[in-house]
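The file upload18.tsv comes next; it holds TSV, C-alpha atoms.
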```
chain	number	residue	atom	x	y	z
A	1	MET	CA	13.03	-16.04	6.75
A	2	GLY	CA	16.56	-17.38	6.86
A	3	LYS	CA	18.20	-14.88	4.54
A	4	ARG	CA	19.02	-12.02	6.80
A	5	SER	CA	21.00	-10.18	4.15
A	6	ASN	CA	17.78	-9.46	2.22
A	7	GLU	CA	16.32	-7.47	5.05
A	8	PRO	CA	17.82	-4.01	4.29
A	9	PHE	CA	16.75	-4.30	0.64
A	10	LEU	CA	13.23	-5.33	1.61
A	11	TRP	CA	13.11	-2.54	4.18
A	12	GLY	CA	14.12	-0.08	1.46
A	13	LEU	CA	11.21	-1.24	-0.70
A	14	PHE	CA	8.93	-1.00	2.33
A	15	SER	CA	10.08	2.54	2.93
A	16	ALA	CA	9.71	3.63	-0.70
A	17	GLY	CA	6.24	2.11	-0.81
A	18	GLY	CA	5.36	3.88	2.42
A	19	VAL	CA	6.22	7.24	0.90
A	20	VAL	CA	4.23	6.53	-2.27
A	21	ALA	CA	1.25	5.31	-0.25
A	22	ALA	CA	1.37	8.28	2.12
A	23	LEU	CA	1.64	11.00	-0.52
A	24	LEU	CA	-0.56	9.58	-3.28
A	25	MET	CA	-3.06	7.07	-1.94
A	26	PRO	CA	-5.37	9.35	0.07
A	27	ILE	CA	-6.15	11.50	-2.97
A	28	HIS	CA	-6.56	8.45	-5.24
A	29	LEU	CA	-9.06	6.91	-2.83
A	30	LEU	CA	-10.83	10.21	-2.31
A	31	LEU	CA	-11.25	10.70	-6.08
A	32	PHE	CA	-11.85	7.20	-7.43
A	33	GLY	CA	-13.35	5.58	-4.35
A	34	LEU	CA	-15.59	8.40	-3.09
A	35	ALA	CA	-15.81	11.60	-5.12
A	36	PHE	CA	-16.64	9.97	-8.49
A	37	PRO	CA	-18.92	7.14	-7.25
A	38	LEU	CA	-20.85	9.47	-4.93
A	39	GLY	CA	-21.25	12.13	-7.61
A	40	TRP	CA	-19.25	14.87	-5.87
A	41	LEU	CA	-17.26	15.21	-9.08
A	42	ASP	CA	-17.78	14.00	-12.63
A	43	PRO	CA	-15.56	11.02	-13.42
A	44	PRO	CA	-13.25	11.40	-16.42
A	45	ALA	CA	-14.80	10.21	-19.68
A	46	TYR	CA	-13.43	6.97	-21.10
A	47	GLU	CA	-11.44	8.59	-23.91
A	48	ARG	CA	-9.83	11.07	-21.60
A	49	ALA	CA	-9.01	8.47	-18.93
A	50	LEU	CA	-7.45	6.25	-21.59
A	51	ALA	CA	-5.49	9.12	-23.11
A	52	VAL	CA	-4.10	10.10	-19.72
A	53	ALA	CA	-3.26	6.55	-18.65
A	54	ARG	CA	-1.55	5.80	-21.97
A	55	HIS	CA	0.92	8.61	-21.62
A	56	PRO	CA	4.37	7.08	-20.98
A	57	LEU	CA	4.93	9.15	-17.85
A	58	ALA	CA	1.51	8.20	-16.52
A	59	ARG	CA	2.29	4.54	-17.13
A	60	ILE	CA	5.53	4.82	-15.19
A	61	TYR	CA	3.65	6.66	-12.47
A	62	LEU	CA	0.93	4.00	-12.30
A	63	PHE	CA	3.49	1.22	-12.29
A	64	VAL	CA	5.30	2.71	-9.31
A	65	PHE	CA	1.94	3.53	-7.71
A	66	CYS	CA	1.02	-0.16	-7.81
A	67	ALA	CA	4.39	-1.86	-7.29
A	68	ALA	CA	6.00	0.09	-4.44
A	69	PRO	CA	3.01	0.02	-2.05
A	70	LEU	CA	2.67	-3.74	-2.61
A	71	PHE	CA	6.14	-4.24	-1.15
A	72	HIS	CA	5.19	-1.87	1.64
A	73	TRP	CA	2.18	-4.08	2.34
A	74	ALA	CA	4.27	-7.26	2.13
A	75	HIS	CA	6.66	-6.02	4.81
A	76	ARG	CA	4.04	-4.70	7.22
A	77	PHE	CA	1.57	-7.49	6.79
A	78	ARG	CA	4.32	-10.06	7.26
A	79	PHE	CA	5.28	-8.60	10.62
A	80	THR	CA	1.65	-8.17	11.61
A	81	LEU	CA	1.16	-11.88	11.10
A	82	TYR	CA	4.46	-12.78	12.79
A	83	ASP	CA	3.87	-10.67	15.90
A	84	GLY	CA	0.14	-10.21	16.02
A	85	LEU	CA	-0.93	-13.79	15.66
A	86	GLN	CA	2.28	-15.39	16.94
A	87	ILE	CA	2.29	-18.10	14.33
A	88	LYS	CA	6.05	-18.42	14.09
A	89	HIS	CA	5.92	-21.91	12.66
A	90	LEU	CA	4.29	-20.47	9.53
A	91	ASN	CA	6.88	-17.74	8.98
A	92	ASP	CA	8.27	-19.16	5.75
A	93	LEU	CA	4.81	-19.57	4.32
A	94	ILE	CA	3.89	-16.00	5.31
A	95	PHE	CA	7.05	-14.71	3.66
A	96	VAL	CA	6.28	-16.51	0.40
A	97	PHE	CA	2.64	-15.40	0.50
A	98	CYS	CA	3.47	-11.72	1.11
A	99	TYR	CA	6.33	-11.27	-1.33
A	100	GLY	CA	4.81	-13.67	-3.84
A	101	GLY	CA	1.70	-11.53	-3.79
A	102	ALA	CA	3.71	-8.34	-4.19
A	103	ILE	CA	5.70	-9.73	-7.12
A	104	GLY	CA	2.54	-11.12	-8.73
A	105	GLY	CA	0.80	-7.76	-8.43
A	106	THR	CA	3.80	-5.98	-9.86
A	107	VAL	CA	3.91	-8.27	-12.89
A	108	LEU	CA	0.17	-7.81	-13.37
A	109	ALA	CA	0.51	-4.02	-13.20
A	110	GLY	CA	3.31	-4.15	-15.79
A	111	TYR	CA	1.21	-6.37	-18.05
A	112	LEU	CA	-1.93	-4.23	-17.78
A	113	LEU	CA	-0.04	-1.01	-18.40
A	114	TRP	CA	1.88	-2.52	-21.30
A	115	THR	CA	-1.26	-3.78	-23.03
A	116	LEU	CA	-2.96	-0.40	-22.64
A	117	SER	CA	-1.14	0.45	-25.86
A	118	GLU	CA	-3.27	0.98	-28.97
A	119	LEU	CA	-1.08	-1.49	-30.83
A	120	LEU	CA	-2.07	-4.50	-28.78
A	121	PRO	CA	-5.84	-4.40	-28.21
A	122	TRP	CA	-6.16	-8.10	-28.98
A	123	LEU	CA	-4.08	-8.92	-25.97
A	124	LEU	CA	-6.85	-7.58	-23.79
A	125	ALA	CA	-9.10	-10.58	-24.24
A	126	TRP	CA	-7.96	-11.55	-20.76
A	127	GLN	CA	-10.67	-13.05	-18.56
A	128	ILE	CA	-10.68	-12.81	-14.74
B	1	MET	CA	17.06	-25.86	24.73
B	2	ARG	CA	19.55	-27.26	22.23
B	3	GLY	CA	21.87	-30.22	22.21
B	4	SER	CA	21.47	-33.91	22.43
B	5	PRO	CA	18.07	-34.97	23.64
B	6	ALA	CA	19.55	-38.08	25.19
B	7	TYR	CA	20.61	-36.55	28.47
B	8	THR	CA	19.13	-33.42	29.95
B	9	PRO	CA	20.78	-32.04	33.04
B	10	TYR	CA	18.37	-30.69	35.58
B	11	HIS	CA	17.53	-27.05	35.23
B	12	PRO	CA	14.58	-25.01	36.40
B	13	ARG	CA	11.85	-24.34	33.90
B	14	TRP	CA	12.52	-21.35	31.65
B	15	HIS	CA	10.64	-18.39	32.94
B	16	ARG	CA	8.82	-16.96	30.01
B	17	ARG	CA	5.68	-14.96	30.49
B	18	LYS	CA	2.99	-16.16	28.19
B	19	VAL	CA	1.95	-13.37	25.86
B	20	SER	CA	-1.71	-13.34	25.00
B	21	THR	CA	-2.64	-13.49	21.34
B	22	TYR	CA	-4.66	-10.36	22.05
B	23	TRP	CA	-1.77	-8.41	23.59
B	24	TRP	CA	-2.48	-5.53	21.24
B	25	LEU	CA	-5.83	-4.87	22.94
B	26	GLU	CA	-4.19	-4.13	26.27
B	27	ARG	CA	-3.13	-0.58	25.60
B	28	TRP	CA	-4.11	2.20	23.25
B	29	ALA	CA	-0.48	2.54	22.10
B	30	TYR	CA	-0.39	-1.15	21.15
B	31	LEU	CA	-3.72	-0.91	19.39
B	32	ARG	CA	-2.54	2.15	17.49
B	33	PHE	CA	0.54	0.25	16.41
B	34	VAL	CA	-1.52	-2.68	15.14
B	35	LEU	CA	-3.97	-0.35	13.36
B	36	ARG	CA	-1.03	1.32	11.64
B	37	GLU	CA	0.28	-2.06	10.54
B	38	LEU	CA	-3.19	-3.06	9.35
B	39	SER	CA	-3.39	0.07	7.21
B	40	SER	CA	-1.15	-1.85	4.82
B	41	VAL	CA	-4.08	-4.16	4.03
B	42	PHE	CA	-6.05	-1.17	2.76
B	43	VAL	CA	-3.02	0.06	0.85
B	44	ALA	CA	-2.98	-3.33	-0.89
B	45	TRP	CA	-6.72	-3.06	-1.53
B	46	LEU	CA	-6.23	0.24	-3.35
B	47	VAL	CA	-3.60	-1.40	-5.55
B	48	VAL	CA	-6.08	-4.18	-6.37
B	49	LEU	CA	-8.74	-1.56	-7.13
B	50	THR	CA	-6.31	0.30	-9.39
B	51	LEU	CA	-5.41	-2.90	-11.24
B	52	LEU	CA	-9.12	-3.68	-11.79
B	53	GLN	CA	-9.62	-0.15	-13.03
B	54	LEU	CA	-6.73	-0.47	-15.48
B	55	ARG	CA	-8.17	-3.74	-16.71
B	56	ALA	CA	-11.56	-2.08	-17.27
B	57	LEU	CA	-9.84	0.78	-19.08
B	58	GLY	CA	-8.03	-1.66	-21.35
B	59	ARG	CA	-11.20	-3.56	-22.19
B	60	GLY	CA	-13.12	-0.62	-23.60
B	61	PRO	CA	-15.81	1.96	-22.90
B	62	GLU	CA	-18.45	-0.53	-21.75
B	63	ALA	CA	-16.17	-2.20	-19.24
B	64	TRP	CA	-15.16	1.25	-18.01
B	65	ALA	CA	-18.80	2.29	-17.55
B	66	ASP	CA	-19.60	-0.99	-15.78
B	67	PHE	CA	-16.67	-0.40	-13.48
B	68	GLN	CA	-17.96	3.05	-12.54
B	69	VAL	CA	-21.35	1.54	-11.70
B	70	TRP	CA	-19.70	-1.22	-9.65
B	71	LEU	CA	-17.86	1.43	-7.64
B	72	LYS	CA	-21.21	2.92	-6.62
B	73	SER	CA	-22.42	-0.18	-4.80
B	74	PRO	CA	-22.87	0.51	-1.07
B	75	LEU	CA	-20.48	-2.25	-0.10
B	76	LEU	CA	-17.65	-0.78	-2.14
B	77	VAL	CA	-18.38	2.76	-0.97
B	78	ALA	CA	-18.28	1.53	2.64
B	79	LEU	CA	-15.04	-0.33	2.01
B	80	ASN	CA	-13.52	2.73	0.38
B	81	VAL	CA	-14.57	5.00	3.25
B	82	VAL	CA	-12.81	2.68	5.69
B	83	SER	CA	-9.83	2.39	3.35
B	84	PHE	CA	-9.61	6.16	3.04
B	85	LEU	CA	-9.51	6.55	6.83
B	86	PHE	CA	-6.79	3.91	7.15
B	87	VAL	CA	-4.73	5.36	4.31
B	88	VAL	CA	-4.93	8.84	5.86
B	89	PHE	CA	-3.91	7.30	9.19
B	90	HIS	CA	-0.93	5.73	7.45
B	91	ALA	CA	-0.01	9.03	5.78
B	92	VAL	CA	-0.19	11.05	9.00
B	93	THR	CA	1.79	8.55	11.05
B	94	TRP	CA	4.32	8.18	8.23
B	95	VAL	CA	4.83	11.92	7.84
B	96	ASN	CA	5.16	12.39	11.59
B	97	LEU	CA	7.78	9.68	11.74
B	98	THR	CA	10.01	11.04	8.98
B	99	PRO	CA	11.83	13.55	11.22
B	100	ARG	CA	12.93	10.61	13.41
B	101	ALA	CA	14.18	8.58	10.46
B	102	LEU	CA	15.68	11.50	8.60
B	103	ALA	CA	17.92	13.72	10.69
B	104	VAL	CA	18.93	16.40	8.23
B	105	ARG	CA	21.77	18.71	9.20
B	106	VAL	CA	22.56	21.99	7.52
B	107	GLY	CA	25.68	23.87	8.56
B	108	GLY	CA	26.17	21.67	11.61
B	109	ARG	CA	22.66	22.31	12.87
B	110	ARG	CA	19.89	19.81	12.86
B	111	ILE	CA	16.82	20.95	10.99
B	112	PRO	CA	13.93	20.99	13.49
B	113	ASP	CA	11.43	18.15	13.34
B	114	TRP	CA	8.46	20.39	12.65
B	115	LEU	CA	10.15	21.77	9.56
B	116	ILE	CA	10.77	18.30	8.07
B	117	ALA	CA	7.24	17.21	8.92
B	118	GLY	CA	5.94	20.49	7.49
B	119	PHE	CA	7.86	19.92	4.29
B	120	ASN	CA	6.31	16.47	4.02
B	121	TYR	CA	2.81	17.81	4.58
B	122	ALA	CA	3.48	20.38	1.85
B	123	ALA	CA	4.68	17.62	-0.49
B	124	TRP	CA	1.52	15.63	0.33
B	125	ALA	CA	-0.68	18.63	-0.48
B	126	ALA	CA	1.20	19.36	-3.70
B	127	ALA	CA	1.03	15.74	-4.87
B	128	SER	CA	-2.71	15.62	-4.11
B	129	ALA	CA	-3.33	18.84	-6.01
B	130	PHE	CA	-1.33	17.59	-8.99
B	131	VAL	CA	-3.15	14.24	-9.17
B	132	THR	CA	-6.52	16.04	-8.93
B	133	TRP	CA	-5.50	18.41	-11.69
B	134	VAL	CA	-4.42	15.59	-14.03
B	135	VAL	CA	-7.47	13.40	-13.33
B	136	VAL	CA	-10.27	15.95	-13.11
B	137	GLY	CA	-9.34	18.70	-15.46
B	138	GLY	CA	-6.65	20.72	-17.08
```

As structure tokens, the full file:
Amino acid sequence: MGKRSNEPFLWGLFSAGGVVAALLMPIHLLLFGLAFPLGWLDPPAYERALAVARHPLARIYLFVFCAAPLFHWAHRFRFTLYDGLQIKHLNDLIFVFCYGGAIGGTVLAGYLLWTLSELLPWLLAWQI
Amino acid sequence: MRGSPAYTPYHPRWHRRKVSTYWWLERWAYLRFVLRELSSVFVAWLVVLTLLQLRALGRGPEAWADFQVWLKSPLLVALNVVSFLFVVFHAVTWVNLTPRALAVRVGGRRIPDWLIAGFNYAAWAAASAFVTWVVVGG
């Protein structure tokens, strides 16, 4: 850890992500993870899903939806590993893994949402 | 335990109770705490799922259709059932904690906890209804 001064900022991100996860994630999982796959509801057709996701406000929404909870995860998972497994000698590595993962996911979300634009379909030739 | 290792004056051994790695299994309250912390793993999983979904959406109708089929596999449904339970657990514990973190005062009086929690439950319901409306129809 070392840098104690970062802690309030990271806690703020944790808190913001906690709110986003609490208010929005149950319904997202219920719809996309259960209701559509199990046939309780008809999933949105491709054109409609794309049209909705391309809307600038929806892109901002989806960006926050992905980014904020990742920092929430980073904070909680970091302390779960610190306290739960008592592997204090690996704390620096855990820190890098958790926040590195959160930053990586955030960049990926930004990239995916950016390239959802009709202008850049050729950028989507991205494999795995 | 600091200082020069060259000379160590006598002192009794530090008394430090050894904490078991499985301390969180000792009490329900501890286990609940760890389960709440572990809910973050399922939160991260939903982000991964959303990113995969966005990638499928960007790749075209076939990738989108394949993704819908993939979501139907029993393993993923099982994972999403568990994730849903954990995410709801996170939401409930989070909402119930907000009155402690957020002491709102109006006119010198503290707004009662149940009102703040109630407001949060209402916000949760409204957000869920809005997302459903945007995704499913309208």

Near region 51-66 of chain A, counting only C-alpha atoms, which residues have an atom at most 9 Å away, once you skip same-chain residues fewer than 5 positions from it, shown as a compact mmCIF listing (two decimals) with C-alpha atoms, keeping the file's coordinate frame?
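Result file follows (selection_25.txt):
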```
# COMPACT_ATOMS: atom_id res chain seq x y z
CA GLY A 17 6.24 2.11 -0.81
CA VAL A 20 4.23 6.53 -2.27
CA ALA A 21 1.25 5.31 -0.25
CA LEU A 24 -0.56 9.58 -3.28
CA MET A 25 -3.06 7.07 -1.94
CA TYR A 46 -13.43 6.97 -21.10
CA GLY A 105 0.80 -7.76 -8.43
CA THR A 106 3.80 -5.98 -9.86
CA ALA A 109 0.51 -4.02 -13.20
CA GLY A 110 3.31 -4.15 -15.79
CA LEU A 113 -0.04 -1.01 -18.40
CA TRP A 114 1.88 -2.52 -21.30
CA LEU A 116 -2.96 -0.40 -22.64
CA SER A 117 -1.14 0.45 -25.86
CA GLU A 118 -3.27 0.98 -28.97
CA ALA B 44 -2.98 -3.33 -0.89
CA LEU B 46 -6.23 0.24 -3.35
CA VAL B 47 -3.60 -1.40 -5.55
CA VAL B 48 -6.08 -4.18 -6.37
CA THR B 50 -6.31 0.30 -9.39
CA LEU B 51 -5.41 -2.90 -11.24
CA LEU B 54 -6.73 -0.47 -15.48
CA LEU B 57 -9.84 0.78 -19.08
CA VAL B 134 -4.42 15.59 -14.03
CA VAL B 135 -7.47 13.40 -13.33
```

Please tabulate, as JSON lines, the residues of chain B that come within 6 Å of chain A, each with its closest pair of atoms and the distance in Å to one decimal, counting all atoms listed in the file and ordering rows by chain, then residue number upward.
```
{"residue": "B:Thr21", "atom": "CA", "partner": "A:Leu85", "partner_atom": "CA", "distance": 5.9}
{"residue": "B:Glu37", "atom": "CA", "partner": "A:Arg76", "partner_atom": "CA", "distance": 5.7}
{"residue": "B:Ser40", "atom": "CA", "partner": "A:Trp73", "partner_atom": "CA", "distance": 4.7}
{"residue": "B:Ala44", "atom": "CA", "partner": "A:Leu70", "partner_atom": "CA", "distance": 5.9}
{"residue": "B:Val47", "atom": "CA", "partner": "A:Cys66", "partner_atom": "CA", "distance": 5.3}
{"residue": "B:Gly58", "atom": "CA", "partner": "A:Leu116", "partner_atom": "CA", "distance": 5.4}
{"residue": "B:Pro61", "atom": "CA", "partner": "A:Tyr46", "partner_atom": "CA", "distance": 5.8}
{"residue": "B:Leu71", "atom": "CA", "partner": "A:Pro37", "partner_atom": "CA", "distance": 5.8}
{"residue": "B:Lys72", "atom": "CA", "partner": "A:Pro37", "partner_atom": "CA", "distance": 4.8}
{"residue": "B:Asn80", "atom": "CA", "partner": "A:Gly33", "partner_atom": "CA", "distance": 5.5}
{"residue": "B:Phe84", "atom": "CA", "partner": "A:Leu29", "partner_atom": "CA", "distance": 5.9}
{"residue": "B:Val87", "atom": "CA", "partner": "A:Pro26", "partner_atom": "CA", "distance": 5.9}
{"residue": "B:Val88", "atom": "CA", "partner": "A:Pro26", "partner_atom": "CA", "distance": 5.8}
{"residue": "B:Ala91", "atom": "CA", "partner": "A:Ala22", "partner_atom": "CA", "distance": 4.0}
{"residue": "B:Trp124", "atom": "CA", "partner": "A:Leu23", "partner_atom": "CA", "distance": 4.7}
{"residue": "B:Ser128", "atom": "CA", "partner": "A:Ile27", "partner_atom": "CA", "distance": 5.5}
```

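Proximity of B:Gly107, B:Asp66, B:Phe42, B:Gly60 to Leu79 (chain B), computed with only C-alpha atoms, is greatest for B:Phe42.
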
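Counting from CA of Ala103 (chain B), the distance to CA of Ala122 (chain B) is 18.2 Å.
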
Quick one: axis-aligned box around all listed atoms of region 58-69 of chain A, 5 Å on every side, centre and edge lengths in Å to one decimal, written as lines of an AutoDock Vina configuration file.
```
center_x = 3.5
center_y = 3.2
center_z = -9.6
size_x = 15.1
size_y = 20.1
size_z = 25.1
```

Taking (13.6, 19.0, 7.8) as a centre in this file's frame and 9 Å as the limit, can you find every polymer residue with an atom that close, using all atoms listed in the file, and give them as a list in words?
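Returned residue set, sorted by chain then number, is Thr98, Pro99, Leu102, Ala103, Val104, Arg105, Arg110, Ile111, Pro112, Asp113, Trp114, Leu115, Ile116, Ala117, Gly118, Phe119 and Asn120 of chain B.
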
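Between CA of Pro74 (chain B) and CA of Arg36 (chain B) the separation is 25.3 Å.
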
Could you work out how far CA of Tyr121 (chain B) lies from CA of Asn96 (chain B), giving the answer in Å with one decimal?
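Answer for the CA of Asn96 (chain B) to CA of Tyr121 (chain B) separation: 9.2 Å.
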
Could you give me, as a PDB file with C-alpha atoms, keeping the file's coordinate frame, the residues that have an atom at most 7 Å away from the point (-12.7, -0.5, -15.4) in the coordinates of the file, using only C-alpha atoms?
```
ATOM      1  CA  LEU B  52      -9.120  -3.680 -11.790  1.00  0.00           C
ATOM      2  CA  GLN B  53      -9.620  -0.150 -13.030  1.00  0.00           C
ATOM      3  CA  LEU B  54      -6.730  -0.470 -15.480  1.00  0.00           C
ATOM      4  CA  ARG B  55      -8.170  -3.740 -16.710  1.00  0.00           C
ATOM      5  CA  ALA B  56     -11.560  -2.080 -17.270  1.00  0.00           C
ATOM      6  CA  LEU B  57      -9.840   0.780 -19.080  1.00  0.00           C
ATOM      7  CA  ALA B  63     -16.170  -2.200 -19.240  1.00  0.00           C
ATOM      8  CA  TRP B  64     -15.160   1.250 -18.010  1.00  0.00           C
ATOM      9  CA  ASP B  66     -19.600  -0.990 -15.780  1.00  0.00           C
ATOM     10  CA  PHE B  67     -16.670  -0.400 -13.480  1.00  0.00           C
ATOM     11  CA  GLN B  68     -17.960   3.050 -12.540  1.00  0.00           C
TER      12      GLN B  68
END
```

Only N, CA and C atoms needed: put region 3-19 of chain A from the block into a file as a short mmCIF file (atom, residue, chain, number, x, y, z; two decimals), in the first residue's frame.
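Final file, out_33.cif:
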```
data_model
loop_
_atom_site.label_atom_id
_atom_site.label_comp_id
_atom_site.auth_asym_id
_atom_site.auth_seq_id
_atom_site.Cartn_x
_atom_site.Cartn_y
_atom_site.Cartn_z
N LYS A 3 1.00 4.36 0.01
CA LYS A 3 0.47 5.72 -0.15
C LYS A 3 -0.86 5.86 0.58
N ARG A 4 -0.80 6.31 1.78
CA ARG A 4 -1.99 6.44 2.59
C ARG A 4 -2.92 7.53 2.07
N SER A 5 -2.35 8.54 1.44
CA SER A 5 -3.15 9.68 1.01
C SER A 5 -4.14 9.31 -0.10
N ASN A 6 -3.90 8.17 -0.76
CA ASN A 6 -4.83 7.74 -1.81
C ASN A 6 -6.11 7.17 -1.25
N GLU A 7 -6.08 6.78 0.00
CA GLU A 7 -7.16 5.98 0.55
C GLU A 7 -8.54 6.67 0.49
N PRO A 8 -8.66 7.95 0.86
CA PRO A 8 -9.99 8.57 0.77
C PRO A 8 -10.53 8.60 -0.66
N PHE A 9 -9.65 8.84 -1.63
CA PHE A 9 -10.06 8.86 -3.03
C PHE A 9 -10.55 7.49 -3.46
N LEU A 10 -9.79 6.46 -3.11
CA LEU A 10 -10.16 5.10 -3.47
C LEU A 10 -11.45 4.69 -2.76
N TRP A 11 -11.61 5.17 -1.52
CA TRP A 11 -12.84 4.85 -0.80
C TRP A 11 -14.03 5.53 -1.47
N GLY A 12 -13.82 6.73 -1.96
CA GLY A 12 -14.89 7.44 -2.69
C GLY A 12 -15.33 6.66 -3.92
N LEU A 13 -14.35 6.13 -4.66
CA LEU A 13 -14.69 5.31 -5.84
C LEU A 13 -15.41 4.05 -5.41
N PHE A 14 -14.95 3.45 -4.32
CA PHE A 14 -15.60 2.25 -3.78
C PHE A 14 -17.07 2.53 -3.47
N SER A 15 -17.27 3.68 -2.83
CA SER A 15 -18.61 4.06 -2.41
C SER A 15 -19.52 4.33 -3.61
N ALA A 16 -19.00 5.07 -4.58
CA ALA A 16 -19.79 5.37 -5.79
C ALA A 16 -20.14 4.07 -6.51
N GLY A 17 -19.16 3.18 -6.61
CA GLY A 17 -19.41 1.90 -7.26
C GLY A 17 -20.40 1.05 -6.50
N GLY A 18 -20.38 1.18 -5.18
CA GLY A 18 -21.34 0.44 -4.35
C GLY A 18 -22.77 0.88 -4.62
N VAL A 19 -22.95 2.19 -4.80
CA VAL A 19 -24.28 2.71 -5.08
C VAL A 19 -24.75 2.22 -6.45
#
```
